[in-house]
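Notes to accompany the following structure.
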Amino acid sequence: MTEETKPFEPVVIGFTCNWCSYRAADMAGTARIKYAPNIRLIRLMCSGRLDPTFVFKAFAGGADAVLISGCHPGDCHYVEQNYKALRRFHLLKRVLVQLGIEPGRLKLLWASAAEGAIFAAEINKFVEEVRALGPLNWAQPGELVSTPIMEEVTA
Amino acid sequence: MKQYAYYPGCSLESLGKSYHVSTMEVACALGVELNEIEDWNCCGATAYFPVDELLAYILTARNLAKAEKTGLDFVAPCSACYKNAYFTNSYLQKDADLAEHINYALEADNLHVSGTSKVRHLIEVFINDVGFEEIKNKVTNPLKSLRVAPYYGCQILRPRKDHEDVENPQYFEGLLSTIGADPIEYASKTRCCGGSLIVTNRKAALDMVRILLLDAVNHNADVIATTCPMCNVNLEVYQDQVNREFGTQYSIPVMYFTQLMGLALGIVPGHLGIGKEQISGASMLAFAQNTKQERNL
Amino acid sequence: MVDELSFSYEIANLMYASHGEPITNCLQCGTCSGTCPAVEFMEHTPRLIIGMIRADLKKEVLSSNTYWTCASCFHCTVRCPAEIDIADMMYALKRYSMWKGQFQEGLIGPDFSEAFVKMIVNSGRSFEPLLAATYLPKFSARNIIQEGLIATGLVLSGKMPLLPKKIKGLKKFQQMVRRIIPIGAPS
Amino acid sequence: MSERIGVYVCHCGTNIAGIVDVADVSKWAGEKLADNGVVISRDYKFMCSSLGQELIQKDIKEQKLTRVVVAACSPHLHEKTFRNACKGADLNPYLCELVSIREQDSWVHTDKVAATAKAKAIVSGGVARVIHHEELEPLRVPIHPATLVVGGGIAGIQAALEIADAGFRVYLVEREPSIGGHMAQFDKTFPTLDCSACILTPKMVDVGNHPNITLLTWSEVQKVDGYVGNFTVTIKKKPRYIKTEDCTGCGICWEKCPKKVVDNVFEAGMGNRKAVYVPFPQAVPKYPVIDDVNCTYYLKGTCKACEKFCPTNAIDFNQKAEEVTVEVGNIILATGYDLFDAKRIPQYGYGKLANVFSNLEFERLCNAAGPTGGNIVLRDGKSTPKTVGIVHCVGSRDKNYNAYCSAICCMQSLKFAHLVRERTGAEVYNFYIDIRTPSKGYEEFYQRLLEEGTRFVRGKVAEVTNVARIPEEEGKLIIQVEDTLIGKQRRIPVDMVILSSGMQARHDSKDVAKLFGISCSADDWYIERHPKLDPVATMTEGIYIAGCAQGPKDIPASVVQGAAAAARVLGKIQQKEIALEPVRATINEDQCSGCRICNNLCPFNAILFHEDKMVSEVNLALCQGCGTCVAGCPAGAISGTGFSNEQIQSQLDGLLLLNISHEAVLVDR
């Protein structure tokens, strides 16, 4: 995807919670805190909304890494849904290994609405980690990978 | 038997001899085994950073590396050595770049340091690993009503911020009460003794020593207890000069905390290097009755 | 002049592994100077020195005795509300001034440090009597005599050895030192 | 391609255009995204301006747009604006998508090429997503007209009165036995120096007598259920051991009570109270409380002096804590602040050196109703200080404690200085880093103090000690500080030291925040919805904040916020009903296998299972729209409105359309 001459620029997809991490991103913006442009955010109402399929779809679609972020444990706007995200995160890591994807390409980050600076710093760290991992070498992105997996994983 | 990698530091070979001997005595009385790091080198003290920071770290790193080989905690009786070791250790853990530089140098001595062994001050070992209870049980000769001014000094406390209380620590007092003495509460216990200024800026250092003596004496301390050879020398050896400079008549004995512990544990004063002071610790000897005449190591 | 690094920038860089905050964060509140036990012997208070560095008053700063009067007790460092490692900054200034060979005439500190380092590099250990030689010349006659008295006292009490010690692995030790920088290399 | 999409890229002045090549983005969208249905793409200086909105509306009409994507600021700022714009042009507001290229792009990146590439990706994500949007109607729920106000300090009192006066029910909950808060403890208020009690007590009395205010003192909120418009709040009333219906507040009980207790709350440890007590004479309500930790009866089982002497038999030693539940539509949190504990700074000697006082102690000391009847004396209770040192910024503006400025300490210290000089004629020193007087009449007050001859030393106090070095220092407290204006360390001997300790968030503010479902800042203050434009609302609909709970502030500011929060609540009540985002989950019966996995995933028990049909169903009234069940359903039978799988997955495709390489070349897929 990227030309060899340039340093490898990973594409990172970030799933954020409407109540904490998405607002953390807004906070980072308002405070003009700079971070790597490699990340693109998708807003969910809650990290609990994260369907593992999305993660596989992201990888299939050419993302080099995926960030899942939600409210700190105990702070969930919907009481306890971030714990469900946590559960799915661990499940996902296992499956990724089976698929031959470095688990380092998936990151879970708790960030409250106030933690813009932390959010930005963590993104930079993550992007560097992924840069070190190099592009996700993945035969040809496609449904054939994501669909069969989703049955096992969801719930 | 608890084991440690022991780093005496240069001063304990010369000015701090009595600290060294009393440390050894007390250690073996409390079942603490201090294995001297073989062929250690000077840590650079405070006089080294002015010349080159990295080199200063390397000097300490060499000793740390040797300690790491043994897999034991690194123990220093001298506060300055302790502070250098503690920070070299924590910085090289935090700072990969620094660690790389250090290890590049250490290679020349086929050594490697990764900051795995913990750095401790001697007094911590007695207080945290042996514990007040244990010590109490071994005290045969409580130093009843001996008013001791616990002098912490700087480097044992600072610039660390992560220990119990930077401004008003209590563990030294705790140790002194454990051996039956009564520690006095005085504000200057963490004030600086002047350190190496005694050489580089005599006037300043003497004034700093004076204030410490003043505060201790005003609280009618019988003796000042120290945890560092540098402090000990400044407070003891230079009392004459302070008196000459400021027209005071201070003459208060200064003892290493290990010497006082030794007395309480019933070790004969001679074996604790007591009697070699510039300012006679004779008054201490009063507390040394019923010390075992024969010591069996 | 333009592309030359500013003095304040140089000093900031010199605080190599110090994990404190940059001096640009200084509030000029004076906690450091209020705390410093040696301040009355300094020509400028630590806070003022920070101000002077930020104003790039290189000459004035280097010629001040302040940083050589710092006892490195780190009391300022732990109290600084901006979490600046002031004592470490003083070290940085000492280093800088020694590299540039620019410091106040008649100070003992520089010679002492130099000598101390040389000695360590040559023997691996420090040894008081040798050191004395380096700073006594700068002492007043009165001080020298007092020093003499103390020394003899120490020798008699067996606290002051008469011969310097050397470490066994001195060769390798010196190779190790050479790997880093020539400063203070074995003479 | 059935949808006709319009893309609108905002410059936001230079906020976006400064980094992102907006023209290029809109041009690119117009061309490259044409096959996705983009029929028109424009960039404009300020999309949110009325002109910008008209631009969109014009296109909707003329270009027959069926979808609108606006690339501008965060949806949390302007989503409503653009949805309404669409509505104005008879396009269902939910067919409009606002994507953020400011907070999440131009403001956080420096590389123009990369930022532009990212903007394109974000836009294409929005386009891909908007296609799957569907026409929605907001859910309308009635708003309960009653309001809960938590905290009976000046901010809470103000809010409660405003709402009650407007004719609506208010439940005012206070943890202490009386309302009044910190303000009731103060002597004078800066800069006017009018007596704190004199201006506060009338308001307290109003609260006590107000027909629309239900006062619940000595009570704490236990549980909060429901959502904006319909909260159910459970409140625990701690036992007073007094039958309030019989008590006349005559005061005989605390007269007769034999047990003296040091009052650490109201008198800040400076004075005593009895085991049965009212915190202060003007307390509202007038009923006392029996302190069952110290009461002799509860300790030894005997005494009951109060009971014997009570003329109306209002004492009831068997009273138990009771729970009341109230229905409210909105909630205002005015829980106030805690004082920074000066003991945390040992070098200031508070707690060790007798004559070092905290600011609250001093307030009581110089309060005519206080333990010394307003005499400013040393701890010995008799000698008057000849020199007094006032230390500013204690625990504030200090990264070792609280990094922020507590806002009130400067003025408070000036007030103290004035009172000391006025009452004792003592020499007063103020030790400050900066003097901050940024409000009406404040700077004038500072000038006045200067004229009065109060001494000001610019420097943060390093330590307060009793170690005398020279005869003049004997028996004094010595304040060691650098006088930064002359660059010298000074040791100033004084008789009394007053520490202006800063404010910090309530020790339990995190728990309270969690209880009400709002969030705290790094310093544990409650976070407002917008720091400038929405300072009293929170991220959670129906929950408002006022006073120091939101951050350090003085009395006028607290009153302003109390009133502001009340106005916001009244506005809501007047609307009678509230429109909620129609973000809900719905279950497709035909696809539901009845596995019931979703049932346990829902924390609001919004999913019920029909045994008969063997399918689950979502109760839209209870559903909060988190979408966890949608993600959890193995049969994919649940769809989340506004956040459907299609919407998210196609946004994903859109975002991944471009890679990040600095040439921003198109990915061929």
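Chain labels A, B, ... are given in the sequence in which chains occur in the structure tokens; within each chain residues are numbered consecutively from 1, and ligands are likewise numbered from 1 in the order shown.
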Contact residues (chain D, partner chain C, 7 Å, only C-alpha atoms) as a VMD selection string: chain D and resid 397 to 400 433 459 to 462 480 to 482 484 487 to 489
Interface residues on chain C facing chain B, 7 Å, only C-alpha atoms, written as a short mmCIF file (atom, residue, chain, number, x, y, z; two decimals) with all heavy atoms, in the first residue's frame:
```cif
data_model
loop_
_atom_site.label_atom_id
_atom_site.label_comp_id
_atom_site.auth_asym_id
_atom_site.auth_seq_id
_atom_site.Cartn_x
_atom_site.Cartn_y
_atom_site.Cartn_z
N ALA C 17 19.94 13.10 32.39
CA ALA C 17 18.96 12.08 32.80
C ALA C 17 18.06 12.62 33.91
O ALA C 17 17.20 11.90 34.41
CB ALA C 17 19.67 10.83 33.27
N PRO C 37 20.03 26.08 52.31
CA PRO C 37 20.79 26.33 53.53
C PRO C 37 22.09 27.11 53.28
O PRO C 37 22.70 27.60 54.22
CB PRO C 37 21.09 24.92 54.05
CG PRO C 37 21.13 24.08 52.84
CD PRO C 37 20.14 24.68 51.88
N ALA C 38 22.49 27.20 52.03
CA ALA C 38 23.77 27.87 51.75
C ALA C 38 23.56 29.21 51.06
O ALA C 38 24.49 29.86 50.63
CB ALA C 38 24.64 26.97 50.88
N PHE C 41 25.54 32.48 51.21
CA PHE C 41 26.90 32.52 50.70
C PHE C 41 26.92 32.57 49.18
O PHE C 41 27.97 32.49 48.55
CB PHE C 41 27.68 31.31 51.21
CG PHE C 41 27.73 31.26 52.71
CD1 PHE C 41 26.74 30.62 53.43
CD2 PHE C 41 28.74 31.91 53.40
CE1 PHE C 41 26.76 30.60 54.81
CE2 PHE C 41 28.78 31.89 54.79
CZ PHE C 41 27.78 31.24 55.50
N THR C 69 28.43 26.95 45.07
CA THR C 69 28.14 26.99 46.51
C THR C 69 27.03 26.01 46.86
O THR C 69 26.70 25.80 48.02
CB THR C 69 27.72 28.43 46.91
OG1 THR C 69 28.69 29.32 46.37
CG2 THR C 69 27.67 28.60 48.41
N ALA C 71 25.31 22.75 47.86
CA ALA C 71 25.80 21.59 48.60
C ALA C 71 25.16 20.30 48.08
O ALA C 71 25.38 19.24 48.64
CB ALA C 71 25.52 21.76 50.08
N CYS C 73 22.09 19.26 48.37
CA CYS C 73 21.27 18.60 49.41
C CYS C 73 19.88 18.31 48.88
O CYS C 73 19.07 17.68 49.56
CB CYS C 73 21.20 19.45 50.67
SG CYS C 73 20.06 20.83 50.53
N PHE C 74 19.57 18.82 47.68
CA PHE C 74 18.32 18.50 46.97
C PHE C 74 17.06 18.92 47.72
O PHE C 74 15.98 18.44 47.42
CB PHE C 74 18.25 17.00 46.67
CG PHE C 74 19.23 16.57 45.63
CD1 PHE C 74 20.49 16.08 45.99
CD2 PHE C 74 18.94 16.67 44.28
CE1 PHE C 74 21.40 15.70 45.04
CE2 PHE C 74 19.85 16.28 43.32
CZ PHE C 74 21.09 15.79 43.70
N HIS C 75 17.22 19.82 48.71
CA HIS C 75 16.01 20.24 49.43
C HIS C 75 15.13 21.07 48.51
O HIS C 75 13.91 20.95 48.49
CB HIS C 75 16.38 21.02 50.70
CG HIS C 75 15.48 20.71 51.84
ND1 HIS C 75 15.89 20.68 53.14
CD2 HIS C 75 14.16 20.40 51.88
CE1 HIS C 75 14.88 20.36 53.92
NE2 HIS C 75 13.82 20.19 53.17
N THR C 77 14.99 20.75 45.29
CA THR C 77 14.40 19.85 44.30
C THR C 77 13.10 19.23 44.79
O THR C 77 12.11 19.22 44.07
CB THR C 77 15.41 18.74 43.95
OG1 THR C 77 16.57 19.34 43.40
CG2 THR C 77 14.83 17.76 42.96
N VAL C 78 13.11 18.75 46.05
CA VAL C 78 11.90 18.07 46.51
C VAL C 78 10.79 19.06 46.82
O VAL C 78 9.62 18.68 46.83
CB VAL C 78 12.17 17.18 47.75
CG1 VAL C 78 13.05 16.02 47.38
CG2 VAL C 78 12.75 17.97 48.89
N TYR C 91 24.42 21.19 39.11
CA TYR C 91 25.44 20.28 38.57
C TYR C 91 25.69 20.59 37.10
O TYR C 91 26.82 20.69 36.65
CB TYR C 91 24.96 18.83 38.70
CG TYR C 91 25.28 18.16 40.02
CD1 TYR C 91 24.36 17.33 40.64
CD2 TYR C 91 26.52 18.34 40.63
CE1 TYR C 91 24.65 16.70 41.84
CE2 TYR C 91 26.82 17.72 41.83
CZ TYR C 91 25.88 16.89 42.44
OH TYR C 91 26.17 16.27 43.61
N ALA C 92 24.60 20.78 36.37
CA ALA C 92 24.73 21.06 34.94
C ALA C 92 25.60 22.30 34.73
O ALA C 92 26.50 22.32 33.90
CB ALA C 92 23.36 21.27 34.32
N LYS C 94 27.83 23.49 36.81
CA LYS C 94 29.22 23.17 37.16
C LYS C 94 29.90 22.52 35.96
O LYS C 94 30.98 22.95 35.52
CB LYS C 94 29.26 22.21 38.36
CG LYS C 94 28.88 22.86 39.68
CD LYS C 94 28.77 21.81 40.78
CE LYS C 94 28.35 22.44 42.11
NZ LYS C 94 27.92 21.44 43.11
N ARG C 95 29.23 21.52 35.37
CA ARG C 95 29.82 20.84 34.22
C ARG C 95 30.12 21.83 33.10
O ARG C 95 31.23 21.91 32.59
CB ARG C 95 28.86 19.77 33.69
CG ARG C 95 28.76 18.56 34.56
CD ARG C 95 28.10 17.42 33.80
NE ARG C 95 26.68 17.64 33.56
CZ ARG C 95 25.75 17.40 34.47
NH1 ARG C 95 26.09 17.00 35.68
NH2 ARG C 95 24.48 17.59 34.20
N MET C 98 33.01 24.01 33.72
CA MET C 98 34.31 23.34 33.66
C MET C 98 34.70 23.05 32.23
O MET C 98 35.85 23.20 31.84
CB MET C 98 34.28 22.06 34.50
CG MET C 98 34.26 22.39 35.98
SD MET C 98 34.57 20.97 37.03
CE MET C 98 36.28 20.65 36.67
N ILE C 108 37.35 26.89 44.97
CA ILE C 108 38.03 25.61 45.21
C ILE C 108 37.32 24.49 44.46
O ILE C 108 37.93 23.56 43.95
CB ILE C 108 38.07 25.31 46.72
CG1 ILE C 108 38.92 26.38 47.41
CG2 ILE C 108 38.66 23.94 46.98
CD1 ILE C 108 38.83 26.35 48.90
N GLY C 109 35.99 24.62 44.38
CA GLY C 109 35.17 23.56 43.78
C GLY C 109 35.75 22.95 42.52
O GLY C 109 36.00 21.75 42.48
N SER C 113 36.94 19.08 42.25
CA SER C 113 36.28 18.07 41.42
C SER C 113 37.26 17.45 40.45
O SER C 113 37.39 16.24 40.35
CB SER C 113 35.11 18.70 40.65
OG SER C 113 34.14 19.15 41.55
N PHE C 116 39.54 15.22 42.24
CA PHE C 116 38.79 14.05 42.72
C PHE C 116 38.66 13.04 41.58
O PHE C 116 38.98 11.87 41.72
CB PHE C 116 37.41 14.52 43.18
CG PHE C 116 36.70 13.54 44.05
CD1 PHE C 116 36.83 13.60 45.43
CD2 PHE C 116 35.90 12.56 43.50
CE1 PHE C 116 36.17 12.71 46.24
CE2 PHE C 116 35.24 11.64 44.30
CZ PHE C 116 35.38 11.73 45.68
N VAL C 117 38.25 13.55 40.43
CA VAL C 117 38.03 12.67 39.29
C VAL C 117 39.34 12.01 38.89
O VAL C 117 39.43 10.80 38.77
CB VAL C 117 37.46 13.47 38.10
CG1 VAL C 117 37.43 12.61 36.86
CG2 VAL C 117 36.08 13.97 38.45
N ILE C 120 40.20 9.28 41.20
CA ILE C 120 39.40 8.07 41.06
C ILE C 120 39.82 7.30 39.83
O ILE C 120 40.05 6.10 39.86
CB ILE C 120 37.90 8.42 40.98
CG1 ILE C 120 37.42 9.04 42.29
CG2 ILE C 120 37.09 7.18 40.66
CD1 ILE C 120 36.04 9.58 42.23
N GLY C 124 40.79 4.30 41.30
CA GLY C 124 39.51 3.62 41.47
C GLY C 124 38.87 3.93 42.81
O GLY C 124 37.69 3.68 43.02
N ARG C 125 39.66 4.49 43.72
CA ARG C 125 39.10 4.85 45.03
C ARG C 125 39.47 6.30 45.32
O ARG C 125 40.37 6.86 44.70
CB ARG C 125 39.69 3.96 46.13
CG ARG C 125 39.44 2.48 45.93
CD ARG C 125 38.24 1.99 46.67
NE ARG C 125 37.92 0.61 46.30
CZ ARG C 125 38.18 -0.44 47.08
NH1 ARG C 125 38.78 -0.27 48.25
NH2 ARG C 125 37.84 -1.65 46.68
N SER C 126 38.79 6.90 46.30
CA SER C 126 39.18 8.27 46.69
C SER C 126 40.02 8.21 47.96
O SER C 126 39.93 7.26 48.73
CB SER C 126 37.93 9.12 46.93
OG SER C 126 37.28 8.67 48.09
N SER C 157 44.00 8.71 65.35
CA SER C 157 42.86 7.87 65.74
C SER C 157 42.68 6.72 64.75
O SER C 157 41.68 6.02 64.77
CB SER C 157 41.59 8.72 65.77
OG SER C 157 41.27 9.10 64.45
N LYS C 159 41.91 6.83 61.78
CA LYS C 159 40.82 7.02 60.81
C LYS C 159 41.37 7.41 59.45
O LYS C 159 40.71 7.30 58.44
CB LYS C 159 39.87 8.11 61.29
CG LYS C 159 38.90 7.62 62.35
CD LYS C 159 37.89 8.71 62.66
CE LYS C 159 36.83 8.20 63.62
NZ LYS C 159 35.91 9.27 64.01
N MET C 160 42.62 7.92 59.43
CA MET C 160 43.17 8.42 58.16
C MET C 160 44.35 7.54 57.74
O MET C 160 45.39 7.57 58.37
CB MET C 160 43.63 9.87 58.33
CG MET C 160 44.22 10.46 57.08
SD MET C 160 42.95 11.14 56.03
CE MET C 160 42.73 12.73 56.81
N PRO C 161 44.15 6.71 56.73
CA PRO C 161 45.27 5.87 56.29
C PRO C 161 46.35 6.73 55.65
O PRO C 161 46.07 7.84 55.17
CB PRO C 161 44.62 4.96 55.24
CG PRO C 161 43.48 5.76 54.72
CD PRO C 161 43.01 6.61 55.85
N ILE C 167 42.29 -0.16 43.25
CA ILE C 167 41.48 -1.37 43.03
C ILE C 167 42.25 -2.33 42.12
O ILE C 167 43.12 -1.91 41.37
CB ILE C 167 40.10 -1.02 42.40
CG1 ILE C 167 40.26 -0.34 41.03
CG2 ILE C 167 39.30 -0.15 43.33
CD1 ILE C 167 38.95 -0.23 40.28
N LYS C 168 41.90 -3.62 42.19
CA LYS C 168 42.67 -4.63 41.43
C LYS C 168 42.44 -4.44 39.93
O LYS C 168 43.37 -4.32 39.17
CB LYS C 168 42.24 -6.03 41.87
CG LYS C 168 42.63 -6.34 43.31
CD LYS C 168 42.57 -7.84 43.57
CE LYS C 168 41.86 -8.14 44.88
NZ LYS C 168 40.38 -7.91 44.82
N LYS C 172 41.12 -2.51 33.38
CA LYS C 172 39.80 -2.58 32.73
C LYS C 172 38.95 -1.39 33.16
O LYS C 172 38.25 -0.80 32.35
CB LYS C 172 39.10 -3.90 33.10
CG LYS C 172 39.74 -5.10 32.44
CD LYS C 172 38.82 -6.30 32.53
CE LYS C 172 39.18 -7.34 31.47
NZ LYS C 172 38.73 -8.68 31.88
N PHE C 173 39.05 -1.05 34.42
CA PHE C 173 38.28 0.07 34.94
C PHE C 173 38.58 1.32 34.11
O PHE C 173 37.68 2.02 33.65
CB PHE C 173 38.66 0.30 36.41
CG PHE C 173 38.05 1.52 37.02
CD1 PHE C 173 36.73 1.52 37.43
CD2 PHE C 173 38.80 2.68 37.18
CE1 PHE C 173 36.17 2.65 38.00
CE2 PHE C 173 38.23 3.82 37.74
CZ PHE C 173 36.92 3.79 38.16
N GLN C 175 39.89 1.39 31.06
CA GLN C 175 39.38 1.23 29.69
C GLN C 175 37.90 1.63 29.66
O GLN C 175 37.45 2.39 28.81
CB GLN C 175 39.50 -0.24 29.25
CG GLN C 175 40.92 -0.63 28.88
CD GLN C 175 41.10 -2.13 28.83
OE1 GLN C 175 40.12 -2.87 28.99
NE2 GLN C 175 42.33 -2.57 28.64
N MET C 176 37.19 1.15 30.68
CA MET C 176 35.75 1.46 30.77
C MET C 176 35.55 2.97 30.74
O MET C 176 34.77 3.49 29.94
CB MET C 176 35.20 0.87 32.07
CG MET C 176 33.78 1.26 32.37
SD MET C 176 33.26 0.61 33.97
CE MET C 176 33.74 1.96 35.03
N VAL C 177 36.32 3.65 31.56
CA VAL C 177 36.18 5.11 31.63
C VAL C 177 36.50 5.74 30.28
O VAL C 177 35.77 6.58 29.78
CB VAL C 177 37.12 5.68 32.72
CG1 VAL C 177 37.14 7.19 32.66
CG2 VAL C 177 36.68 5.19 34.08
N ARG C 179 36.10 4.66 27.42
CA ARG C 179 35.05 4.46 26.41
C ARG C 179 34.10 5.64 26.34
O ARG C 179 33.48 5.88 25.31
CB ARG C 179 34.25 3.19 26.72
CG ARG C 179 34.90 1.94 26.14
CD ARG C 179 33.86 0.87 25.99
NE ARG C 179 34.43 -0.26 25.25
CZ ARG C 179 33.69 -1.24 24.73
NH1 ARG C 179 32.37 -1.22 24.89
NH2 ARG C 179 34.25 -2.22 24.07
N ILE C 180 33.94 6.33 27.43
CA ILE C 180 32.94 7.40 27.44
C ILE C 180 33.52 8.73 26.98
O ILE C 180 33.22 9.22 25.91
CB ILE C 180 32.30 7.53 28.83
CG1 ILE C 180 31.46 6.31 29.08
CG2 ILE C 180 31.44 8.78 28.91
CD1 ILE C 180 30.49 5.96 27.93
#
```
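Interatomic distance, atom CA of Val494 of chain D against atom CA of Thr387 of chain D: 4.9 Å.
Closest approach to Gly266 of chain B among B:Thr140, B:Thr226, B:Thr178, B:Gln170: B:Thr140, based on only C-alpha atoms.
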At most 12 Å to chain B: residues in chain D, only C-alpha atoms, as a PyMOL selection string: chain D and resi 343-349+352-353+400+462-470+474
Expected answer as a ChimeraX atom specification: strand (DSSP E or B) residues in segment 23-246 of chain B: /B:32-36,74-76,119-121,147-151,182-183,223-226
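For Ala314 of chain D, the set of protein, DNA and RNA residues having any atom at most 7 Å away, when counting only C-alpha atoms and skipping those fewer than 2 positions along the same chain, is Ile242, Lys243, Asp246, Cys247, Cys310, Thr312 and Asp316 of chain D.
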Interface, chain A side, toward chain D (6 Å; only C-alpha atoms) as a list in words: Thr2, Asp26, Gly29, Arg32, Ile33, Lys34, Tyr35, Met45, Cys46, Gly48, Arg49, Asp51, Ala114, Thr154 and Ala155 of chain A
All alpha helix (DSSP H) positions in segment 62-266 of chain B, as JSON, numbers by chain: {"B": [62, 63, 64, 65, 66, 67, 68, 69, 70, 79, 80, 81, 82, 83, 84, 85, 86, 87, 88, 89, 90, 91, 92, 93, 94, 96, 97, 98, 99, 100, 101, 102, 103, 104, 105, 106, 107, 122, 123, 124, 132, 133, 134, 135, 136, 137, 138, 171, 172, 173, 174, 175, 176, 177, 178, 197, 198, 199, 200, 202, 203, 204, 205, 206, 207, 208, 209, 210, 211, 212, 213, 214, 215, 216, 217, 218, 229, 230, 231, 232, 233, 234, 235, 236, 237, 239, 240, 241, 242, 243, 244, 245, 246, 257, 258, 259, 260, 261, 262, 263, 264]}
Got a sec: who's within 10 Å of Glu581 of chain D, counting only C-alpha atoms, leaving out chain neighbours fewer than 3 positions off, as a PDB file with C-alpha atoms, in the first residue's frame?
```pdb
ATOM      1  CA  TYR D  94     -31.225  12.253  11.060  1.00  0.00           C
ATOM      2  CA  LEU D 136     -35.981   8.968  12.558  1.00  0.00           C
ATOM      3  CA  GLU D 137     -38.191  10.856  14.953  1.00  0.00           C
ATOM      4  CA  PRO D 138     -36.791  11.853  18.375  1.00  0.00           C
ATOM      5  CA  LEU D 139     -38.331  10.030  21.327  1.00  0.00           C
ATOM      6  CA  ARG D 140     -40.472  12.359  23.424  1.00  0.00           C
ATOM      7  CA  ILE D 578     -37.974  16.387  26.255  1.00  0.00           C
ATOM      8  CA  ARG D 584     -32.299   2.577  20.684  1.00  0.00           C
ATOM      9  CA  GLN D 624     -30.398   3.673  26.823  1.00  0.00           C
ATOM     10  CA  GLY D 625     -28.965   2.776  23.423  1.00  0.00           C
ATOM     11  CA  THR D 641     -30.790   2.789  15.484  1.00  0.00           C
ATOM     12  CA  GLY D 642     -28.239   5.391  14.406  1.00  0.00           C
TER      13      GLY D 642
END
```
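For the pair atom CA of Tyr350 of chain D and atom CA of Val394 of chain D, the separation is 11.1 Å.
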Distance in Å - atom CA of Arg131 of chain A versus atom CA of Asp64 of chain A: 8.9 Å
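Proximity to Met255 of chain B at 8 Å, evaluated using only C-alpha atoms and with sequence-adjacent residues fewer than 4 positions away removed, yields B:Val223, B:Ile224, B:Ala225, B:Thr226, B:Asn232, B:Gln259, B:Leu260, B:Gly281.
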List as an mmCIF file with C-alpha atoms, in the first residue's frame the protein and nucleic acid residues near segment 196-199 of chain D, meaning an atom at most 10 Å away when only C-alpha atoms are counted, but skip any in the same chain fewer than 5 places from it.
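As written to disk, part-v1.cif reads:
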```
data_model
loop_
_atom_site.group_PDB
_atom_site.id
_atom_site.type_symbol
_atom_site.label_atom_id
_atom_site.label_comp_id
_atom_site.auth_asym_id
_atom_site.auth_seq_id
_atom_site.Cartn_x
_atom_site.Cartn_y
_atom_site.Cartn_z
ATOM 1 C CA GLY D 180 -25.436 26.995 55.080
ATOM 2 C CA MET D 183 -20.289 30.398 54.000
ATOM 3 C CA ALA D 184 -22.007 30.013 57.376
ATOM 4 C CA GLN D 185 -18.587 29.550 58.996
ATOM 5 C CA PHE D 186 -17.059 32.747 57.638
ATOM 6 C CA ASP D 187 -16.933 36.044 59.461
ATOM 7 C CA LYS D 188 -16.717 38.681 56.770
ATOM 8 C CA THR D 189 -16.908 38.424 52.988
ATOM 9 C CA PHE D 190 -14.489 40.120 50.608
ATOM 10 C CA MET D 204 -31.463 30.025 54.787
ATOM 11 C CA GLN D 282 -29.007 30.295 63.058
ATOM 12 C CA ASN D 367 -16.028 35.383 64.022
ATOM 13 C CA ALA D 369 -20.147 34.081 67.083
#
```
Contacts of Ala67 of chain B within 9 Å, only C-alpha atoms, excl. fewer than 2 positions in-chain, as a list in words: Tyr4, Ala5, Tyr6, Tyr7, Ile37, Glu38, Arg62, Asn63, Leu64, Ala65, Lys69, Thr70, Gly71, Leu72, Asp73, Phe74 and Ser117 of chain B
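Comparing the minimum interatomic distances between Ser500 of chain D and each of D:Ala17, D:Val25, D:Cys366, D:Met411, counting only C-alpha atoms, we find that D:Met411 sits nearest.
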